[in-house]
$ cat protein-v9.csv   # CSV, C-alpha atoms
chain,number,residue,atom,x,y,z
A,14,MET,CA,0.0,0.0,0.0
A,15,ARG,CA,1.3,3.5,-1.0
A,16,ILE,CA,0.6,6.2,1.6
A,17,SER,CA,1.4,9.9,1.8
A,18,VAL,CA,1.1,12.2,4.8
A,19,LEU,CA,0.6,15.9,3.8
A,20,GLY,CA,2.0,18.1,6.6
A,21,ALA,CA,5.2,17.6,8.5
A,22,GLY,CA,4.2,19.2,11.8
A,23,SER,CA,4.4,17.2,15.0
A,24,TRP,CA,1.2,15.2,14.4
A,25,GLY,CA,1.8,14.6,10.7
A,26,THR,CA,5.4,13.4,11.3
A,27,THR,CA,4.2,11.2,14.2
A,28,LEU,CA,1.5,9.5,12.1
A,29,ALA,CA,4.0,8.9,9.3
A,30,ILE,CA,6.2,7.1,11.8
A,31,VAL,CA,3.2,5.1,13.0
A,32,LEU,CA,2.4,4.1,9.4
A,33,CYS,CA,6.0,3.0,8.9
A,34,GLU,CA,5.3,0.3,11.5
A,35,ASN,CA,2.9,-1.3,9.0
A,36,PHE,CA,4.0,-0.2,5.5
A,37,ARG,CA,7.2,0.3,3.5
A,38,ASP,CA,6.0,2.9,1.0
A,39,VAL,CA,5.2,5.9,3.2
A,40,THR,CA,6.0,9.5,2.1
A,41,LEU,CA,5.9,12.6,4.4
A,42,TRP,CA,5.4,15.9,2.5
A,43,SER,CA,6.6,19.2,4.0
A,44,TYR,CA,5.4,22.6,2.8
A,45,ARG,CA,8.8,24.0,3.5
A,46,ALA,CA,11.7,23.1,1.2
A,47,ASP,CA,14.3,23.7,4.0
A,48,GLN,CA,12.5,21.5,6.4
A,49,ALA,CA,12.3,18.7,3.9
A,50,GLU,CA,16.0,18.9,3.1
A,51,GLU,CA,16.9,18.9,6.8
A,52,MET,CA,14.7,15.9,7.5
A,53,ARG,CA,16.3,14.0,4.6
A,54,ALA,CA,19.8,14.9,5.7
A,55,ARG,CA,19.5,14.5,9.5
A,56,ARG,CA,16.6,12.0,9.6
A,57,THR,CA,14.9,14.0,12.3
A,58,ASN,CA,12.3,16.8,12.5
A,59,GLN,CA,14.0,19.2,14.9
A,60,ASP,CA,11.4,21.9,14.6
A,61,TYR,CA,8.5,19.8,15.9
A,62,LEU,CA,9.9,16.5,17.3
A,63,PRO,CA,13.4,17.1,18.3
A,64,GLY,CA,15.5,14.0,19.1
A,65,VAL,CA,13.1,11.6,17.4
A,66,VAL,CA,14.7,9.6,14.6
A,67,LEU,CA,12.7,9.1,11.4
A,68,PRO,CA,12.4,5.5,10.0
A,69,SER,CA,15.0,4.8,7.4
A,70,HIS,CA,12.4,3.9,4.8
A,71,LEU,CA,10.2,7.0,5.3
A,72,LYS,CA,10.5,9.1,2.2
A,73,ILE,CA,10.6,12.9,2.6
A,74,SER,CA,9.2,15.2,-0.2
A,75,HIS,CA,8.6,18.9,-0.8
A,76,ASP,CA,6.8,18.2,-4.1
A,77,ILE,CA,3.1,17.9,-3.3
A,78,HIS,CA,2.4,16.5,-6.8
A,79,GLU,CA,5.0,13.7,-6.3
A,80,ALA,CA,3.6,13.0,-2.8
A,81,ALA,CA,0.0,12.8,-3.9
A,82,TRP,CA,0.4,11.0,-7.3
A,83,ARG,CA,-1.0,7.5,-7.4
A,84,ARG,CA,-1.4,7.0,-3.7
A,85,ASP,CA,-3.8,4.5,-2.1
A,86,VAL,CA,-4.1,6.7,1.0
A,87,ILE,CA,-3.5,10.4,1.6
A,88,VAL,CA,-3.5,11.6,5.1
A,89,ALA,CA,-4.2,15.4,5.4
A,90,ALA,CA,-2.3,16.6,8.5
A,91,VAL,CA,-2.2,20.4,7.8
A,92,PRO,CA,-3.9,23.0,10.1
A,93,SER,CA,-7.6,23.2,9.4
A,94,GLN,CA,-7.6,26.8,8.1
A,95,PHE,CA,-5.0,25.8,5.4
A,96,LEU,CA,-6.6,22.5,4.3
A,97,ARG,CA,-8.6,24.0,1.4
A,98,ASN,CA,-5.6,25.5,-0.3
A,99,ILE,CA,-3.6,22.3,0.1
A,100,LEU,CA,-6.4,20.3,-1.4
A,101,LYS,CA,-6.6,22.7,-4.4
A,102,ASP,CA,-3.0,21.7,-5.3
A,103,ILE,CA,-4.0,18.0,-5.7
A,104,ALA,CA,-7.6,18.4,-7.0
A,105,GLN,CA,-6.3,17.9,-10.6
A,106,PHE,CA,-5.5,14.3,-9.9
A,107,ASP,CA,-7.9,11.4,-10.2
A,108,LEU,CA,-8.4,10.5,-6.6
A,109,SER,CA,-11.5,8.4,-7.1
A,110,ASP,CA,-9.8,5.3,-5.7
A,111,THR,CA,-7.8,7.1,-3.0
A,112,ILE,CA,-8.8,7.1,0.6
A,113,ILE,CA,-8.3,10.6,2.1
A,114,VAL,CA,-8.0,10.8,5.9
A,115,ASN,CA,-8.2,14.1,7.6
A,116,VAL,CA,-6.5,14.4,11.0
A,117,ALA,CA,-6.8,18.2,11.6
A,118,LYS,CA,-9.3,19.3,14.2
A,119,GLY,CA,-11.0,22.5,13.2
A,120,ILE,CA,-13.9,24.3,11.5
A,121,GLU,CA,-13.2,26.5,8.5
A,122,ASN,CA,-13.8,30.2,9.5
A,123,SER,CA,-14.9,31.5,6.1
A,124,SER,CA,-17.5,28.8,5.3
A,125,LEU,CA,-18.2,27.2,8.7
A,126,MET,CA,-17.6,23.8,7.0
A,127,THR,CA,-16.2,20.8,8.8
A,128,MET,CA,-13.1,19.3,7.3
A,129,SER,CA,-15.0,16.5,5.5
A,130,GLU,CA,-17.2,19.2,4.0
A,131,VAL,CA,-14.1,21.1,2.8
A,132,MET,CA,-12.7,18.0,1.2
A,133,LEU,CA,-15.9,17.2,-0.7
A,134,ASP,CA,-16.2,20.9,-1.7
A,135,VAL,CA,-12.7,21.1,-3.2
A,136,LEU,CA,-12.3,17.5,-4.5
A,137,GLU,CA,-15.4,17.5,-6.7
A,138,HIS,CA,-14.9,14.0,-8.0
A,139,GLU,CA,-13.9,12.4,-4.7
A,140,LYS,CA,-16.3,9.7,-3.5
A,141,ARG,CA,-18.0,10.4,-0.1
A,142,SER,CA,-17.3,6.8,0.8
A,143,ASN,CA,-13.5,7.4,0.5
A,144,ILE,CA,-13.5,10.3,3.1
A,145,ALA,CA,-12.4,9.5,6.6
A,146,ILE,CA,-11.6,11.3,9.9
A,147,LEU,CA,-9.1,10.2,12.5
A,148,SER,CA,-9.5,11.9,15.9
A,149,GLY,CA,-9.2,11.3,19.6
A,150,PRO,CA,-6.9,11.9,22.6
A,151,SER,CA,-3.5,11.7,21.0
A,152,HIS,CA,-0.7,14.0,21.8
A,153,ALA,CA,2.1,13.5,19.3
A,154,GLU,CA,4.7,13.8,22.0
A,155,GLU,CA,3.3,10.6,23.6
A,156,VAL,CA,2.4,8.6,20.5
A,157,VAL,CA,5.9,9.0,19.1
A,158,LYS,CA,7.2,7.4,22.3
A,159,ARG,CA,4.9,4.4,21.7
A,160,ILE,CA,2.8,5.3,24.8
A,161,PRO,CA,-0.5,3.4,24.5
A,162,THR,CA,-3.1,5.5,22.7
A,163,ALA,CA,-6.7,5.0,21.5
A,164,VAL,CA,-8.4,7.1,18.8
A,165,VAL,CA,-11.4,6.7,16.5
A,166,SER,CA,-11.8,6.4,12.7
A,167,ALA,CA,-15.0,7.8,11.2
A,168,SER,CA,-16.4,7.8,7.7
A,169,PHE,CA,-19.5,7.9,5.6
A,170,SER,CA,-18.7,4.3,4.8
A,171,GLY,CA,-18.3,1.6,7.5
A,172,ARG,CA,-15.9,-0.2,5.2
A,173,THR,CA,-13.7,2.8,4.9
A,174,ALA,CA,-13.7,3.5,8.6
A,175,LYS,CA,-12.6,0.0,9.3
A,176,LEU,CA,-10.0,0.0,6.6
A,177,VAL,CA,-8.5,3.2,8.0
A,178,ALA,CA,-8.5,1.6,11.5
A,179,ASN,CA,-6.6,-1.4,10.2
A,180,ILE,CA,-4.1,0.8,8.4
A,181,PHE,CA,-3.2,2.8,11.5
A,182,SER,CA,-3.5,0.2,14.2
A,183,THR,CA,-0.3,-1.0,16.0
A,184,LYS,CA,0.5,-2.5,19.3
A,185,PHE,CA,0.6,1.0,20.9
A,186,PHE,CA,-2.0,2.8,18.7
A,187,ARG,CA,-5.5,1.4,18.9
A,188,VAL,CA,-8.2,2.7,16.5
A,189,TYR,CA,-11.9,2.3,17.1
A,190,VAL,CA,-14.6,2.8,14.4
A,191,SER,CA,-17.5,5.2,14.1
A,192,ASP,CA,-20.2,5.9,11.5
A,193,ASP,CA,-20.8,9.4,13.0
A,194,ILE,CA,-18.4,11.5,11.0
A,195,ARG,CA,-20.1,14.7,11.9
A,196,GLY,CA,-20.0,14.0,15.6
A,197,VAL,CA,-16.3,12.9,15.5
A,198,GLU,CA,-15.3,16.0,13.6
A,199,LEU,CA,-17.2,18.4,15.9
A,200,GLY,CA,-15.9,16.7,19.0
A,201,GLY,CA,-12.3,17.0,17.9
A,202,ALA,CA,-12.7,20.6,16.9
A,203,LEU,CA,-14.9,22.1,19.6
A,204,LYS,CA,-12.9,20.6,22.5
A,205,ASN,CA,-10.0,22.8,21.7
A,206,VAL,CA,-12.1,25.9,22.6
A,207,ILE,CA,-13.0,24.4,26.0
A,208,ALA,CA,-9.3,23.6,26.5
A,209,ILE,CA,-8.5,27.3,26.1
A,210,GLY,CA,-11.2,27.9,28.8
A,211,ALA,CA,-9.6,25.3,31.0
A,212,GLY,CA,-6.2,27.0,30.5
A,213,VAL,CA,-7.8,30.4,31.5
A,214,VAL,CA,-8.9,28.7,34.7
A,215,ASP,CA,-5.2,27.8,35.5
A,216,GLY,CA,-3.8,31.1,34.5
A,217,ALA,CA,-6.3,33.1,36.4
A,218,GLY,CA,-5.6,31.2,39.6
A,219,PHE,CA,-8.9,29.3,40.0
A,220,GLY,CA,-9.0,25.7,41.2
A,221,ASP,CA,-9.9,22.2,40.3
A,222,ASN,CA,-13.6,22.8,41.0
A,223,THR,CA,-13.7,25.5,38.4
A,224,LYS,CA,-11.9,23.4,35.8
A,225,ALA,CA,-14.2,20.5,36.4
A,226,ALA,CA,-17.2,22.7,35.8
A,227,ILE,CA,-15.7,24.1,32.6
A,228,ILE,CA,-15.0,20.6,31.3
A,229,THR,CA,-18.4,19.2,32.2
A,230,ARG,CA,-20.5,22.1,31.1
A,231,GLY,CA,-18.3,22.4,28.0
A,232,ILE,CA,-19.2,18.9,26.9
A,233,ALA,CA,-22.8,19.8,27.4
A,234,GLU,CA,-22.5,22.8,25.1
A,235,MET,CA,-20.6,20.7,22.5
A,236,THR,CA,-23.2,18.0,22.5
A,237,ARG,CA,-26.0,20.6,22.2
A,238,LEU,CA,-24.5,22.1,19.1
A,239,GLY,CA,-23.7,18.7,17.7
A,240,ASP,CA,-27.2,17.5,18.1
A,241,ARG,CA,-28.5,20.6,16.3
A,242,MET,CA,-26.1,19.8,13.4
A,243,GLY,CA,-27.1,16.2,13.0
A,244,ALA,CA,-24.4,14.5,15.1
A,245,LEU,CA,-25.2,11.6,17.5
A,246,PRO,CA,-25.1,12.9,21.1
A,247,ARG,CA,-23.5,9.6,22.3
A,248,THR,CA,-20.4,10.4,20.1
A,249,PHE,CA,-19.5,13.2,22.5
A,250,SER,CA,-19.1,10.8,25.4
A,251,GLY,CA,-16.5,8.9,23.4
A,252,LEU,CA,-12.9,9.3,22.4
A,253,SER,CA,-13.4,12.3,20.1
A,254,GLY,CA,-15.5,14.0,22.7
A,255,VAL,CA,-14.9,13.5,26.4
A,256,GLY,CA,-11.7,11.6,25.8
A,257,ASP,CA,-10.1,14.3,23.7
A,258,LEU,CA,-11.5,17.0,26.0
A,259,ILE,CA,-9.9,15.5,29.1
A,260,VAL,CA,-6.4,15.2,27.6
A,261,THR,CA,-6.5,18.6,25.9
A,262,CYS,CA,-7.7,20.4,29.1
A,263,MET,CA,-5.3,18.7,31.4
A,264,SER,CA,-2.1,18.0,29.6
A,265,ARG,CA,1.1,19.9,29.7
A,266,HIS,CA,1.5,19.1,26.0
A,267,SER,CA,-1.7,21.0,25.0
A,268,ARG,CA,-1.1,24.1,22.9
A,269,ASN,CA,-4.7,25.2,23.4
A,270,ARG,CA,-4.5,24.9,27.2
A,271,HIS,CA,-1.3,26.9,27.1
A,272,VAL,CA,-2.9,29.7,25.1
A,273,GLY,CA,-5.7,29.8,27.7
A,274,GLU,CA,-3.3,29.8,30.6
A,275,GLN,CA,-1.4,32.8,29.2
A,276,LEU,CA,-4.7,34.6,28.6
A,277,GLY,CA,-5.7,33.9,32.2
A,278,LYS,CA,-2.4,35.6,33.3
A,279,GLY,CA,-3.5,38.8,31.4
A,280,ARG,CA,-1.4,38.5,28.3
A,281,ALA,CA,-2.7,39.6,24.9
A,282,LEU,CA,-3.6,36.9,22.3
A,283,LYS,CA,-1.3,38.2,19.6
A,284,GLU,CA,1.7,38.2,21.9
A,285,ILE,CA,1.0,34.6,22.9
A,286,LEU,CA,0.6,33.4,19.3
A,287,ASP,CA,3.7,35.3,18.1
A,288,GLU,CA,6.0,33.2,20.4
A,289,MET,CA,4.5,29.8,19.5
A,290,VAL,CA,5.9,27.6,16.8
A,291,MET,CA,2.9,25.2,16.6
A,292,ILE,CA,-0.7,26.2,15.9
A,293,ALA,CA,-3.4,26.1,18.5
A,294,GLU,CA,-6.4,25.1,16.5
A,295,GLY,CA,-8.9,26.3,19.1
A,296,VAL,CA,-8.1,30.0,18.5
A,297,ALA,CA,-9.6,30.0,15.0
A,298,THR,CA,-12.2,27.4,15.8
A,299,CYS,CA,-13.7,29.6,18.6
A,300,LYS,CA,-14.8,32.1,15.9
A,301,SER,CA,-16.5,29.3,13.9
A,302,ALA,CA,-18.1,27.8,17.0
A,303,VAL,CA,-19.7,31.1,18.1
A,304,ASP,CA,-21.0,31.7,14.5
A,305,LEU,CA,-22.4,28.1,14.3
A,306,ALA,CA,-24.1,28.6,17.7
A,307,ARG,CA,-25.7,31.7,16.4
A,308,ARG,CA,-26.7,30.0,13.1
A,309,HIS,CA,-28.4,27.1,14.9
A,310,GLY,CA,-29.9,29.1,17.7
A,311,THR,CA,-27.9,27.2,20.4
A,312,GLU,CA,-26.8,28.7,23.7
A,313,MET,CA,-23.1,28.2,24.3
A,314,ALA,CA,-22.1,30.5,27.1
A,315,ILE,CA,-18.7,29.1,27.8
A,316,PHE,CA,-17.7,29.3,24.1
A,317,GLN,CA,-18.9,32.9,24.0
A,318,GLU,CA,-16.9,33.9,27.1
A,319,VAL,CA,-13.8,32.3,25.7
A,320,TYR,CA,-14.4,34.3,22.5
A,321,ASN,CA,-14.9,37.5,24.6
A,322,ILE,CA,-11.6,36.9,26.4
A,323,MET,CA,-9.6,36.2,23.3
A,324,TYR,CA,-11.1,38.7,20.8
A,325,GLU,CA,-12.8,41.4,23.0
A,326,GLY,CA,-10.1,41.6,25.7
A,327,LYS,CA,-12.6,40.8,28.5
A,328,ASP,CA,-11.1,40.2,31.9
A,329,PRO,CA,-11.1,36.5,32.7
A,330,HIS,CA,-12.4,37.1,36.2
A,331,ARG,CA,-15.3,39.2,34.9
A,332,ALA,CA,-16.0,36.5,32.3
A,333,THR,CA,-16.1,33.8,35.0
A,334,GLU,CA,-18.4,35.9,37.2
A,335,ASP,CA,-20.8,36.4,34.3
A,336,LEU,CA,-20.9,32.6,33.8
A,337,MET,CA,-21.5,32.0,37.5
A,338,THR,CA,-24.3,34.5,37.8
A,339,ARG,CA,-26.5,33.6,34.8
A,340,SER,CA,-30.1,32.6,35.5
A,341,ILE,CA,-30.6,29.3,37.3
A,342,LYS,CA,-31.6,26.4,35.1
A,343,GLY,CA,-31.8,22.6,35.0
A,344,GLU,CA,-28.6,20.7,34.4
A,345,HIS,CA,-30.0,18.6,31.6

$ encode --input "protein-v9.csv" --output "structure tokens"
Amino acid sequence: MRISVLGAGSWGTTLAIVLCENFRDVTLWSYRADQAEEMRARRTNQDYLPGVVLPSHLKISHDIHEAAWRRDVIVAAVPSQFLRNILKDIAQFDLSDTIIVNVAKGIENSSLMTMSEVMLDVLEHEKRSNIAILSGPSHAEEVVKRIPTAVVSASFSGRTAKLVANIFSTKFFRVYVSDDIRGVELGGALKNVIAIGAGVVDGAGFGDNTKAAIITRGIAEMTRLGDRMGALPRTFSGLSGVGDLIVTCMSRHSRNRHVGEQLGKGRALKEILDEMVMIAEGVATCKSAVDLARRHGTEMAIFQEVYNIMYEGKDPHRATEDLMTRSIKGEH
């Protein structure tokens, strides 16, 4: 089987390494020529996974046409807001028999499309049954160390979801299967916004009680919006919902939690992002989430306050007080 991973960030590189456990013909594509050359020469990705040695049979490419030509599987591992432009570069190819797996977790700002919708919008001749999503609690820093991890593969086709699960599964990387692609996508994207809120809790000096409330009520808001958008509520209690939410809100590896923590300490968003090498997907997704909530008439108070802190400069303590003093209502 011939597989290419588009995107040589920490997660794309890690997944390429995982795939090399099962396959010999794996290519990792980098947008940057200098990064591709360095990875070929040093057999490591110092920018994103310093010290990790790349498998000897992993091919490195900067030519996206070469990387996407006649592949059985293409894994899209670029940040969600850049996916559309990357797909446009390969839309000319006949991909009718190619499985395309997206692993980015976001919602496009301009269109409010999920990543599967973006893929089908750009790749006009792609079969819906060949589209898949891989999501779940999976920090690259741990997976690359072969620390046991479980994620979920979702597709419009049960056969494709299972095929993707088999492709990625190893002794340390277990893949479950779901037919709720909408729910898996929304869970993976929306939890990043709640993780920023959890980071705000840490940075502002609140406690475990506060963070537990943010996580629990956050999953309620995610589920509410997902239900309005046609997802199955039960999906949000699974790996791409509660599972991913827990790890992203609690882990020292979480870029989104880090952004929130710095906001909670009173720093400006631009200043925080300017010093980061990797992208915190929740920053852009927050805008999309608030817009989707408005479109679907769904109350998402936590998402709105995270937005207010990031983009309106609202004081985190004032935002928390406003959440705490809303009108009393039933939990469910």

$ closest_atom_pairs --input "protein-v9.csv" --of "segment 120-211 of chain A" --to "segment 46-69 of chain A" --cutoff "9 Å" --atoms "all atoms listed in the file" --output "JSON lines"
{"residue": "A:Ala153", "atom": "CA", "partner": "A:Leu62", "partner_atom": "CA", "distance": 8.6}
{"residue": "A:Glu154", "atom": "CA", "partner": "A:Leu62", "partner_atom": "CA", "distance": 7.5}
{"residue": "A:Val157", "atom": "CA", "partner": "A:Val65", "partner_atom": "CA", "distance": 7.8}
{"residue": "A:Lys158", "atom": "CA", "partner": "A:Val65", "partner_atom": "CA", "distance": 8.7}

$ closest_residue --input "protein-v9.csv" --among "A:Glu325, A:Glu198, A:Leu71, A:Arg187" --to "Glu130 of chain A" --atoms "only C-alpha atoms"
A:Glu198

$ closest_residue --input "protein-v9.csv" --among "A:Glu234, A:Glu155, A:Asp328, A:Asp335" --to "Phe186 of chain A" --atoms "only C-alpha atoms"
A:Glu155

$ closest_residue --input "protein-v9.csv" --among "A:Ala202, A:Ala80, A:Leu136, A:Ala302" --to "Ser93 of chain A" --atoms "only C-alpha atoms"
A:Ala202

$ atom_distance --input "protein-v9.csv" --atom1 "atom CA of Ala178 of chain A" --atom2 "atom CA of Ile120 of chain A"
23.3 Å

$ residues_around --input "protein-v9.csv" --residues "His152 of chain A" --least-positions-apart "4" --cutoff "10 Å" --atoms "all atoms listed in the file" --output "ChimeraX atom specification"
/A:23-24,27,156-157,160,162,257,260-261,264,266-267

$ decode --input "protein-v9.csv" --residues "segment 264-283 of chain A" --atoms "N, CA, C and O atoms" --output "CSV table (one decimal), in the first residue's frame"
chain,number,residue,atom,x,y,z
A,264,SER,N,-3.5,18.3,29.9
A,264,SER,CA,-2.1,18.0,29.6
A,264,SER,C,-1.1,19.2,29.5
A,264,SER,O,-1.5,20.2,28.9
A,265,ARG,N,0.1,18.9,29.9
A,265,ARG,CA,1.1,19.9,29.7
A,265,ARG,C,1.5,20.1,28.2
A,265,ARG,O,2.2,21.0,27.8
A,266,HIS,N,1.2,19.1,27.4
A,266,HIS,CA,1.5,19.1,26.0
A,266,HIS,C,0.5,20.0,25.2
A,266,HIS,O,0.7,20.3,24.0
A,267,SER,N,-0.6,20.3,25.8
A,267,SER,CA,-1.7,21.0,25.0
A,267,SER,C,-1.4,22.4,24.7
A,267,SER,O,-1.2,23.3,25.6
A,268,ARG,N,-1.4,22.7,23.4
A,268,ARG,CA,-1.1,24.1,22.9
A,268,ARG,C,-2.3,25.0,23.3
A,268,ARG,O,-2.2,26.1,23.6
A,269,ASN,N,-3.5,24.4,23.1
A,269,ASN,CA,-4.7,25.2,23.4
A,269,ASN,C,-4.8,25.6,24.9
A,269,ASN,O,-5.1,26.7,25.2
A,270,ARG,N,-4.5,24.6,25.8
A,270,ARG,CA,-4.5,24.9,27.2
A,270,ARG,C,-3.5,26.0,27.5
A,270,ARG,O,-3.7,26.9,28.3
A,271,HIS,N,-2.3,25.9,26.9
A,271,HIS,CA,-1.3,26.9,27.1
A,271,HIS,C,-1.7,28.3,26.7
A,271,HIS,O,-1.5,29.2,27.4
A,272,VAL,N,-2.4,28.4,25.5
A,272,VAL,CA,-2.9,29.7,25.1
A,272,VAL,C,-3.9,30.3,26.2
A,272,VAL,O,-3.8,31.4,26.6
A,273,GLY,N,-4.8,29.4,26.7
A,273,GLY,CA,-5.7,29.8,27.7
A,273,GLY,C,-5.0,30.3,29.0
A,273,GLY,O,-5.4,31.3,29.6
A,274,GLU,N,-4.0,29.5,29.4
A,274,GLU,CA,-3.3,29.8,30.6
A,274,GLU,C,-2.6,31.2,30.5
A,274,GLU,O,-2.7,32.0,31.5
A,275,GLN,N,-2.0,31.5,29.4
A,275,GLN,CA,-1.4,32.8,29.2
A,275,GLN,C,-2.4,33.9,29.2
A,275,GLN,O,-2.2,35.0,29.7
A,276,LEU,N,-3.6,33.7,28.6
A,276,LEU,CA,-4.7,34.6,28.6
A,276,LEU,C,-5.1,34.9,30.0
A,276,LEU,O,-5.4,36.0,30.4
A,277,GLY,N,-5.2,33.8,30.8
A,277,GLY,CA,-5.7,33.9,32.2
A,277,GLY,C,-4.7,34.8,33.0
A,277,GLY,O,-5.1,35.4,34.0
A,278,LYS,N,-3.4,34.8,32.6
A,278,LYS,CA,-2.4,35.6,33.3
A,278,LYS,C,-2.5,37.1,32.8
A,278,LYS,O,-1.6,37.9,33.3
A,279,GLY,N,-3.3,37.4,31.9
A,279,GLY,CA,-3.5,38.8,31.4
A,279,GLY,C,-2.8,39.1,30.2
A,279,GLY,O,-2.7,40.3,29.8
A,280,ARG,N,-2.1,38.2,29.5
A,280,ARG,CA,-1.4,38.5,28.3
A,280,ARG,C,-2.3,38.6,27.1
A,280,ARG,O,-3.4,38.0,27.0
A,281,ALA,N,-1.9,39.4,26.1
A,281,ALA,CA,-2.7,39.6,24.9
A,281,ALA,C,-2.5,38.3,23.9
A,281,ALA,O,-1.5,37.7,23.9
A,282,LEU,N,-3.6,38.0,23.2
A,282,LEU,CA,-3.6,36.9,22.3
A,282,LEU,C,-2.5,37.0,21.3
A,282,LEU,O,-1.8,36.0,21.0
A,283,LYS,N,-2.3,38.1,20.6
A,283,LYS,CA,-1.3,38.2,19.6
A,283,LYS,C,0.1,37.9,20.1
A,283,LYS,O,0.9,37.3,19.5
